[in-house]
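Asks: Contents are mmCIF, C-alpha atoms; file name structure.cif:
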```
data_upload
loop_
_atom_site.group_PDB
_atom_site.id
_atom_site.type_symbol
_atom_site.label_atom_id
_atom_site.label_comp_id
_atom_site.auth_asym_id
_atom_site.auth_seq_id
_atom_site.Cartn_x
_atom_site.Cartn_y
_atom_site.Cartn_z
ATOM 1 C CA MET A 1 -5.568 39.357 -6.207
ATOM 2 C CA ASN A 2 -7.162 35.955 -6.692
ATOM 3 C CA SER A 3 -5.977 34.597 -10.004
ATOM 4 C CA THR A 4 -5.133 31.243 -11.533
ATOM 5 C CA PRO A 5 -1.375 30.647 -11.187
ATOM 6 C CA SER A 6 0.569 30.339 -14.426
ATOM 7 C CA PRO A 7 2.310 27.036 -15.235
ATOM 8 C CA ILE A 8 5.622 28.679 -14.324
ATOM 9 C CA ALA A 9 4.249 29.836 -10.952
ATOM 10 C CA SER A 10 2.781 26.378 -10.250
ATOM 11 C CA GLN A 11 6.129 24.751 -11.037
ATOM 12 C CA GLU A 12 7.970 27.230 -8.825
ATOM 13 C CA LEU A 13 5.448 26.645 -6.022
ATOM 14 C CA ALA A 14 6.131 22.907 -6.256
ATOM 15 C CA VAL A 15 9.906 23.377 -6.143
ATOM 16 C CA PHE A 16 9.645 25.924 -3.342
ATOM 17 C CA LEU A 17 7.551 23.621 -1.146
ATOM 18 C CA ARG A 18 9.975 20.734 -1.653
ATOM 19 C CA ALA A 19 12.981 22.944 -0.955
ATOM 20 C CA ARG A 20 11.516 24.330 2.269
ATOM 21 C CA ARG A 21 10.443 20.875 3.457
ATOM 22 C CA GLU A 22 13.926 19.489 2.860
ATOM 23 C CA THR A 23 15.627 22.237 4.895
ATOM 24 C CA LEU A 24 13.680 21.474 8.087
ATOM 25 C CA LYS A 25 14.568 18.934 10.747
ATOM 26 C CA PRO A 26 11.955 17.216 12.927
ATOM 27 C CA ALA A 27 13.165 19.190 15.933
ATOM 28 C CA ASP A 28 12.457 22.455 14.067
ATOM 29 C CA VAL A 29 8.724 21.712 14.150
ATOM 30 C CA GLY A 30 8.550 20.035 17.553
ATOM 31 C CA LEU A 31 8.780 16.427 16.358
ATOM 32 C CA PRO A 32 11.002 13.835 18.068
ATOM 33 C CA PRO A 33 14.271 12.982 16.330
ATOM 34 C CA ARG A 34 14.263 9.941 14.088
ATOM 35 C CA ILE A 35 16.019 6.789 15.239
ATOM 36 C CA GLY A 36 18.508 5.428 12.733
ATOM 37 C CA SER A 37 19.372 6.767 9.316
ATOM 38 C CA SER A 38 16.890 8.190 6.852
ATOM 39 C CA ARG A 39 17.225 8.776 3.136
ATOM 40 C CA THR A 40 14.683 11.588 3.286
ATOM 41 C CA PRO A 41 16.353 15.021 3.621
ATOM 42 C CA GLY A 42 14.481 17.247 6.016
ATOM 43 C CA LEU A 43 10.868 16.439 6.862
ATOM 44 C CA ARG A 44 8.822 13.656 5.293
ATOM 45 C CA ARG A 45 5.729 14.553 3.296
ATOM 46 C CA GLU A 46 3.633 12.710 5.871
ATOM 47 C CA GLU A 47 4.975 14.976 8.614
ATOM 48 C CA VAL A 48 4.317 18.205 6.721
ATOM 49 C CA ALA A 49 0.846 17.031 5.670
ATOM 50 C CA ALA A 50 -0.053 16.270 9.290
ATOM 51 C CA LEU A 51 1.259 19.630 10.488
ATOM 52 C CA ALA A 52 -0.647 21.499 7.761
ATOM 53 C CA GLY A 53 -3.853 19.490 8.085
ATOM 54 C CA VAL A 54 -3.907 18.268 4.470
ATOM 55 C CA SER A 55 -3.719 14.797 2.962
ATOM 56 C CA VAL A 56 -0.419 13.300 1.891
ATOM 57 C CA ASP A 57 -1.819 12.799 -1.621
ATOM 58 C CA TYR A 58 -2.726 16.477 -1.836
ATOM 59 C CA LEU A 59 0.770 17.537 -0.767
ATOM 60 C CA ILE A 60 2.306 15.172 -3.338
ATOM 61 C CA ARG A 61 0.183 16.748 -6.057
ATOM 62 C CA LEU A 62 1.286 20.221 -4.942
ATOM 63 C CA GLU A 63 4.951 19.206 -4.964
ATOM 64 C CA GLN A 64 4.554 17.716 -8.434
ATOM 65 C CA ALA A 65 2.685 20.763 -9.837
ATOM 66 C CA ARG A 66 -0.216 18.570 -10.920
ATOM 67 C CA ASP A 67 -2.835 21.261 -11.617
ATOM 68 C CA VAL A 68 -3.565 21.956 -7.976
ATOM 69 C CA ARG A 69 -4.251 25.481 -6.787
ATOM 70 C CA PRO A 70 -4.141 25.653 -2.972
ATOM 71 C CA SER A 71 -6.688 27.858 -1.240
ATOM 72 C CA ALA A 72 -5.575 30.809 0.886
ATOM 73 C CA GLN A 73 -6.359 28.756 3.993
ATOM 74 C CA VAL A 74 -4.121 25.908 2.814
ATOM 75 C CA VAL A 75 -1.341 28.378 2.011
ATOM 76 C CA ARG A 76 -1.608 29.777 5.530
ATOM 77 C CA SER A 77 -1.434 26.274 6.997
ATOM 78 C CA LEU A 78 1.560 25.320 4.848
ATOM 79 C CA SER A 79 3.317 28.533 5.835
ATOM 80 C CA GLY A 80 2.953 27.651 9.494
ATOM 81 C CA ALA A 81 3.918 24.008 8.997
ATOM 82 C CA LEU A 82 7.072 24.948 7.075
ATOM 83 C CA LYS A 83 8.041 27.765 9.469
ATOM 84 C CA LEU A 84 8.184 30.312 6.655
ATOM 85 C CA SER A 85 9.407 33.837 7.271
ATOM 86 C CA ASN A 86 7.211 36.836 6.408
ATOM 87 C CA ASP A 87 8.937 37.266 3.050
ATOM 88 C CA GLN A 88 8.655 33.556 2.254
ATOM 89 C CA THR A 89 4.976 33.594 3.201
ATOM 90 C CA VAL A 90 4.270 36.497 0.846
ATOM 91 C CA TYR A 91 6.147 34.603 -1.887
ATOM 92 C CA LEU A 92 4.044 31.472 -1.333
ATOM 93 C CA TYR A 93 0.764 33.409 -1.412
ATOM 94 C CA THR A 94 1.836 35.101 -4.640
ATOM 95 C CA LEU A 95 2.801 31.824 -6.315
ATOM 96 C CA ALA A 96 -0.591 30.395 -5.346
ATOM 97 C CA GLY A 97 -2.430 33.369 -6.868
ATOM 98 C CA HIS A 98 -3.581 34.963 -3.600
ATOM 99 C CA ARG A 99 -2.987 38.270 -1.854
ATOM 100 C CA CYS A 100 -1.143 37.836 1.413
ATOM 101 C CA PRO A 101 -3.208 39.012 4.427
ATOM 102 C CA GLU A 102 -2.009 41.974 6.468
ATOM 103 C CA ARG A 103 0.799 40.917 8.756
ATOM 104 C CA ASN A 104 0.859 43.775 11.267
ATOM 105 C CA SER A 105 -1.779 46.172 12.512
ATOM 106 C CA ARG A 106 0.857 48.874 12.875
ATOM 107 C CA SER A 107 4.272 48.836 11.189
ATOM 108 C CA GLU A 108 7.464 48.913 13.214
ATOM 109 C CA VAL A 109 10.154 51.419 12.264
ATOM 110 C CA PRO A 110 13.496 49.658 11.601
ATOM 111 C CA GLU A 111 16.383 50.870 13.733
ATOM 112 C CA GLY A 112 18.383 52.159 10.761
ATOM 113 C CA LEU A 113 15.444 54.158 9.450
ATOM 114 C CA ALA A 114 14.792 55.621 12.885
ATOM 115 C CA GLN A 115 18.440 56.670 13.144
ATOM 116 C CA LEU A 116 18.206 58.328 9.730
ATOM 117 C CA ILE A 117 15.415 60.593 11.026
ATOM 118 C CA ILE A 118 17.833 61.847 13.677
ATOM 119 C CA ASP A 119 20.766 62.111 11.272
ATOM 120 C CA VAL A 120 18.938 64.393 8.813
ATOM 121 C CA SER A 121 18.052 66.891 11.582
ATOM 122 C CA PRO A 122 17.492 69.830 11.511
ATOM 123 C CA LEU A 123 15.604 68.943 8.319
ATOM 124 C CA PRO A 124 12.047 67.948 9.291
ATOM 125 C CA ALA A 125 11.586 64.196 8.756
ATOM 126 C CA MET A 126 9.017 61.534 9.613
ATOM 127 C CA VAL A 127 8.078 57.933 8.789
ATOM 128 C CA LEU A 128 4.553 56.990 7.677
ATOM 129 C CA ASN A 129 2.899 53.662 6.962
ATOM 130 C CA HIS A 130 0.384 52.898 4.181
ATOM 131 C CA ARG A 131 -2.492 54.321 6.275
ATOM 132 C CA LEU A 132 -0.506 57.566 6.592
ATOM 133 C CA ASP A 133 -0.070 56.999 10.337
ATOM 134 C CA ILE A 134 2.933 58.982 11.595
ATOM 135 C CA LEU A 135 5.138 56.367 13.281
ATOM 136 C CA ALA A 136 8.302 58.349 14.018
ATOM 137 C CA TRP A 137 9.479 61.942 13.650
ATOM 138 C CA ASN A 138 12.155 64.394 14.764
ATOM 139 C CA GLY A 139 11.849 67.638 16.695
ATOM 140 C CA SER A 140 11.860 69.817 13.581
ATOM 141 C CA MET A 141 8.913 67.943 12.098
ATOM 142 C CA SER A 142 6.997 68.219 15.356
ATOM 143 C CA ALA A 143 7.508 71.985 15.406
ATOM 144 C CA LEU A 144 6.529 72.320 11.740
ATOM 145 C CA LEU A 145 3.314 70.267 12.059
ATOM 146 C CA LEU A 146 1.957 72.242 15.008
ATOM 147 C CA GLY A 147 3.311 69.969 17.715
ATOM 148 C CA LEU A 148 3.202 66.226 17.143
ATOM 149 C CA ASP A 149 4.630 65.482 20.589
ATOM 150 C CA GLY A 150 1.993 64.654 23.168
ATOM 151 C CA ARG A 151 -0.854 64.051 20.735
ATOM 152 C CA PRO A 152 -2.909 60.862 21.199
ATOM 153 C CA ALA A 153 -1.522 58.068 19.017
ATOM 154 C CA ARG A 154 -4.719 57.741 16.985
ATOM 155 C CA MET A 155 -4.516 61.411 15.999
ATOM 156 C CA LEU A 156 -1.001 60.956 14.609
ATOM 157 C CA ASN A 157 -2.370 60.356 11.139
ATOM 158 C CA VAL A 158 -1.971 62.740 8.209
ATOM 159 C CA LEU A 159 -5.609 62.409 7.125
ATOM 160 C CA ARG A 160 -7.099 62.800 10.602
ATOM 161 C CA MET A 161 -4.970 65.918 11.025
ATOM 162 C CA CYS A 162 -6.080 67.365 7.673
ATOM 163 C CA PHE A 163 -9.796 66.617 7.947
ATOM 164 C CA LEU A 164 -10.613 66.280 11.661
ATOM 165 C CA ASP A 165 -8.232 68.763 13.348
ATOM 166 C CA SER A 166 -9.461 72.354 13.060
ATOM 167 C CA ARG A 167 -5.919 73.721 13.499
ATOM 168 C CA PHE A 168 -5.090 72.584 9.955
ATOM 169 C CA GLU A 169 -8.045 74.284 8.237
ATOM 170 C CA GLY A 170 -5.941 77.255 7.105
ATOM 171 C CA PHE A 171 -2.525 75.666 7.481
ATOM 172 C CA TYR A 172 -1.792 74.713 3.863
ATOM 173 C CA GLY A 173 -1.486 77.500 1.336
ATOM 174 C CA ASP A 174 -2.929 75.259 -1.390
ATOM 175 C CA ARG A 175 -5.161 73.072 0.749
ATOM 176 C CA ASP A 176 -7.072 71.562 -2.171
ATOM 177 C CA GLU A 177 -3.879 70.287 -3.788
ATOM 178 C CA VAL A 178 -2.447 68.890 -0.544
ATOM 179 C CA VAL A 179 -5.512 67.084 0.775
ATOM 180 C CA ARG A 180 -6.608 65.824 -2.642
ATOM 181 C CA GLY A 181 -3.136 64.336 -3.094
ATOM 182 C CA ALA A 182 -3.251 62.691 0.340
ATOM 183 C CA VAL A 183 -6.613 61.064 -0.387
ATOM 184 C CA ALA A 184 -5.415 59.895 -3.823
ATOM 185 C CA ASP A 185 -2.416 58.332 -2.068
ATOM 186 C CA LEU A 186 -4.711 56.556 0.390
ATOM 187 C CA ARG A 187 -6.841 55.266 -2.507
ATOM 188 C CA ALA A 188 -3.709 53.700 -4.049
ATOM 189 C CA ALA A 189 -2.825 52.053 -0.727
ATOM 190 C CA TRP A 190 -6.387 50.778 -0.269
ATOM 191 C CA ALA A 191 -6.139 48.656 -3.426
ATOM 192 C CA ASP A 192 -3.129 46.816 -1.971
ATOM 193 C CA HIS A 193 -4.568 46.481 1.553
ATOM 194 C CA ALA A 194 -8.195 45.532 1.024
ATOM 195 C CA HIS A 195 -8.155 43.278 4.111
ATOM 196 C CA ASP A 196 -6.722 45.894 6.493
ATOM 197 C CA VAL A 197 -9.438 46.365 9.121
ATOM 198 C CA GLU A 198 -7.799 49.476 10.590
ATOM 199 C CA LEU A 199 -7.646 51.090 7.149
ATOM 200 C CA ALA A 200 -11.347 50.367 6.571
ATOM 201 C CA ASP A 201 -12.170 51.858 9.989
ATOM 202 C CA LEU A 202 -10.138 54.962 9.172
ATOM 203 C CA ILE A 203 -11.995 55.502 5.898
ATOM 204 C CA ARG A 204 -15.392 55.114 7.603
ATOM 205 C CA GLU A 205 -14.377 57.557 10.344
ATOM 206 C CA LEU A 206 -13.226 60.155 7.817
ATOM 207 C CA GLU A 207 -16.363 59.761 5.702
ATOM 208 C CA ALA A 208 -18.548 60.238 8.791
ATOM 209 C CA GLY A 209 -16.570 63.258 10.006
ATOM 210 C CA SER A 210 -15.749 65.161 6.821
ATOM 211 C CA ASP A 211 -17.822 65.896 3.728
ATOM 212 C CA GLU A 212 -14.633 67.219 2.157
ATOM 213 C CA PHE A 213 -12.894 63.843 2.557
ATOM 214 C CA THR A 214 -15.955 62.018 1.217
ATOM 215 C CA ARG A 215 -15.959 64.176 -1.901
ATOM 216 C CA TYR A 216 -12.314 63.476 -2.632
ATOM 217 C CA TRP A 217 -12.613 59.782 -1.780
ATOM 218 C CA GLN A 218 -15.568 59.271 -4.079
ATOM 219 C CA SER A 219 -13.731 60.990 -6.949
ATOM 220 C CA ARG A 220 -11.491 57.900 -7.034
ATOM 221 C CA GLU A 221 -8.340 59.743 -7.931
ATOM 222 C CA VAL A 222 -5.266 57.513 -7.570
ATOM 223 C CA SER A 223 -1.798 59.014 -7.271
ATOM 224 C CA VAL A 224 1.391 58.360 -5.330
ATOM 225 C CA ARG A 225 3.647 61.391 -5.271
ATOM 226 C CA ALA A 226 7.362 60.995 -4.611
ATOM 227 C CA ARG A 227 8.196 64.710 -4.652
ATOM 228 C CA GLY A 228 6.428 68.060 -4.515
ATOM 229 C CA ASP A 229 6.006 71.441 -2.835
ATOM 230 C CA LYS A 230 3.771 72.451 0.068
ATOM 231 C CA PRO A 231 3.098 76.111 0.849
ATOM 232 C CA MET A 232 2.259 76.514 4.545
ATOM 233 C CA LYS A 233 0.944 79.276 6.822
ATOM 234 C CA HIS A 234 2.551 78.540 10.168
ATOM 235 C CA PRO A 235 1.219 80.334 13.280
ATOM 236 C CA ILE A 236 4.748 80.915 14.644
ATOM 237 C CA VAL A 237 6.915 81.702 11.592
ATOM 238 C CA GLY A 238 4.330 82.752 9.020
ATOM 239 C CA SER A 239 4.341 81.713 5.376
ATOM 240 C CA LEU A 240 6.889 79.199 4.078
ATOM 241 C CA THR A 241 7.134 76.587 1.344
ATOM 242 C CA VAL A 242 8.763 73.189 1.753
ATOM 243 C CA THR A 243 9.830 70.708 -0.884
ATOM 244 C CA PHE A 244 9.255 67.113 0.110
ATOM 245 C CA ASP A 245 10.888 63.870 -0.990
ATOM 246 C CA VAL A 246 9.413 60.429 -0.277
ATOM 247 C CA LEU A 247 11.741 57.442 0.110
ATOM 248 C CA ASN A 248 10.623 53.809 0.466
ATOM 249 C CA PRO A 249 12.895 51.340 2.315
ATOM 250 C CA LEU A 250 13.434 48.157 0.322
ATOM 251 C CA GLY A 251 12.870 45.988 3.386
ATOM 252 C CA ASP A 252 9.315 47.295 3.960
ATOM 253 C CA PRO A 253 7.727 49.105 0.996
ATOM 254 C CA ASP A 254 4.678 49.973 3.129
ATOM 255 C CA LEU A 255 6.829 52.431 5.063
ATOM 256 C CA ARG A 256 7.900 55.779 3.680
ATOM 257 C CA LEU A 257 10.441 58.309 4.902
ATOM 258 C CA ILE A 258 9.433 61.907 4.177
ATOM 259 C CA VAL A 259 12.010 64.699 4.373
ATOM 260 C CA TYR A 260 11.173 68.395 3.997
ATOM 261 C CA ARG A 261 13.560 71.061 2.667
ATOM 262 C CA ALA A 262 13.085 74.798 2.282
ATOM 263 C CA ALA A 263 11.994 75.859 -1.206
ATOM 264 C CA ASP A 264 13.539 79.354 -0.925
ATOM 265 C CA GLU A 265 15.618 81.555 1.349
ATOM 266 C CA GLN A 266 12.646 82.959 3.293
ATOM 267 C CA SER A 267 11.404 79.436 3.949
ATOM 268 C CA GLN A 268 14.890 78.406 5.072
ATOM 269 C CA GLN A 269 14.881 81.143 7.670
ATOM 270 C CA ALA A 270 11.464 79.962 8.867
ATOM 271 C CA LEU A 271 12.683 76.351 9.133
ATOM 272 C CA ASP A 272 15.784 77.484 11.023
ATOM 273 C CA GLU A 273 13.584 79.252 13.556
ATOM 274 C CA LEU A 274 11.321 76.214 13.905
ATOM 275 C CA ALA A 275 14.351 73.970 14.312
ATOM 276 C CA ARG A 276 15.291 76.023 17.373
ATOM 277 C CA HIS A 277 11.818 75.285 18.797
ATOM 278 C CA GLY A 278 12.396 71.560 18.282
ATOM 279 C CA ALA A 279 16.153 71.675 18.662
ATOM 280 C CA GLN A 280 16.570 68.287 20.347
ATOM 281 C CA ARG A 281 17.767 65.604 17.924
ATOM 282 C CA ARG A 282 15.907 62.973 19.956
ATOM 283 C CA LEU A 283 13.690 60.596 17.981
ATOM 284 C CA ARG A 284 9.968 60.615 18.688
ATOM 285 C CA THR A 285 7.880 57.489 18.101
ATOM 286 C CA VAL A 286 4.314 56.396 18.750
#
```
Have the structure of the file written as structure tokens, please.
Replies:
Amino acid sequence: MNSTPSPIASQELAVFLRARRETLKPADVGLPPRIGSSRTPGLRREEVAALAGVSVDYLIRLEQARDVRPSAQVVRSLSGALKLSNDQTVYLYTLAGHRCPERNSRSEVPEGLAQLIIDVSPLPAMVLNHRLDILAWNGSMSALLLGLDGRPARMLNVLRMCFLDSRFEGFYGDRDEVVRGAVADLRAAWADHAHDVELADLIRELEAGSDEFTRYWQSREVSVRARGDKPMKHPIVGSLTVTFDVLNPLGDPDLRLIVYRAADEQSQQALDELARHGAQRRLRTV
């Protein structure tokens, strides 16, 4: 996303910059307190300009929406100078017509979401990020996915498991459907995270290690599935089918909570047996 901001966005950017500047005190940005009274609420333009490394005239033009489109570098500097939160920074990048760079190399799982994984036990549940890294899971999910506990962190990724772990070669009853869907999901995430170095490294690794992945990746299918069925052939409990639901927390749309349920009575019996293998309700995280 690198587009020319609309007049409405430019006006909102101007108002937003003024509003954020006026909420800050000199002490908030490490400046000494002013002596005497001042009619200027918050920081002066001169102070923000110096902190951001831009001219005062340029900042005035931005705050007056006078046909100025700040570069991504200037947006980053203004974000730091104005002490913007992550959400405010994303907002500023969007108003300026830029895509916000990746903020974290690996997402953190919020406490409430982590607790939910425990609360839904014995249903298998896990949290993924946009790279399909498995960040947290419960005992039932570990037992279902052939033992997540104890695996190296880098191998806790749905795509590495599907394409680079031989134990999963005959695991899915409809492998083509499952892995094609996972790659189509990754393709959708790639469009929104073009600057994610770890995602680019993952794609290169999978292309080098799996002709099957390369074929699906080059087909350029794009799909994000919120619900579906997965037939499985588990080495301990035999054949079962799970229905999955994908939930996205509002606070971090890059995270997704996946919960599995049995699709039929036979599968329920299989899940019950697996739940006894991973009976502890303790949360597992990377």
Asks: Show me, as a ChimeraX atom specification, the residues that have an atom within 12 Å of Arg276 of chain A when counting only C-alpha atoms, minus same-chain residues fewer than 3 positions from it.
Replies: /A:121-124,139-144,236-237,269-273,279-281
Asks: Let me make sure I understand: among A:Val29, A:Val120, A:Ala49, A:Leu78, which one has the smallest atom-to-atom distance to Ala275 of chain A if we use all atoms listed in the file?
Replies: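 Checking each of A:Val29, A:Val120, A:Ala49, A:Leu78 against Ala275 of chain A, counting all atoms listed in the file, the winner is A:Val120.
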Asks: Applying the PyMOL selection byres ((chain A and resi 81) around 9) to the file I just gave you, which residues come out? Please list them as a list in words.
Replies: Val29, Val48, Ala49, Ala50, Leu51, Ala52, Arg76, Ser77, Leu78, Ser79, Gly80, Leu82, Lys83 and Leu84 of chain A
Asks: Could you check which of A:Gly112, A:Ala182, A:Arg44, A:Arg225 is closest to Glu22 of chain A, using only C-alpha atoms?
Replies: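 Ranked by minimum distance to Glu22 of chain A, first place goes to A:Arg44.
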Asks: My list of candidates is A:Glu221, A:Glu111, A:Val75, A:Leu156. Which is closest to Asn129 of chain A when distances are computed with all atoms listed in the file?
Replies: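 Distance minimum relative to Asn129 of chain A lands on A:Leu156.
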Asks: Could you please determine the separation between atom CA of Leu283 of chain A and atom CA of Leu164 of chain A in Å, to one decimal place?
Replies: 25.7 Å
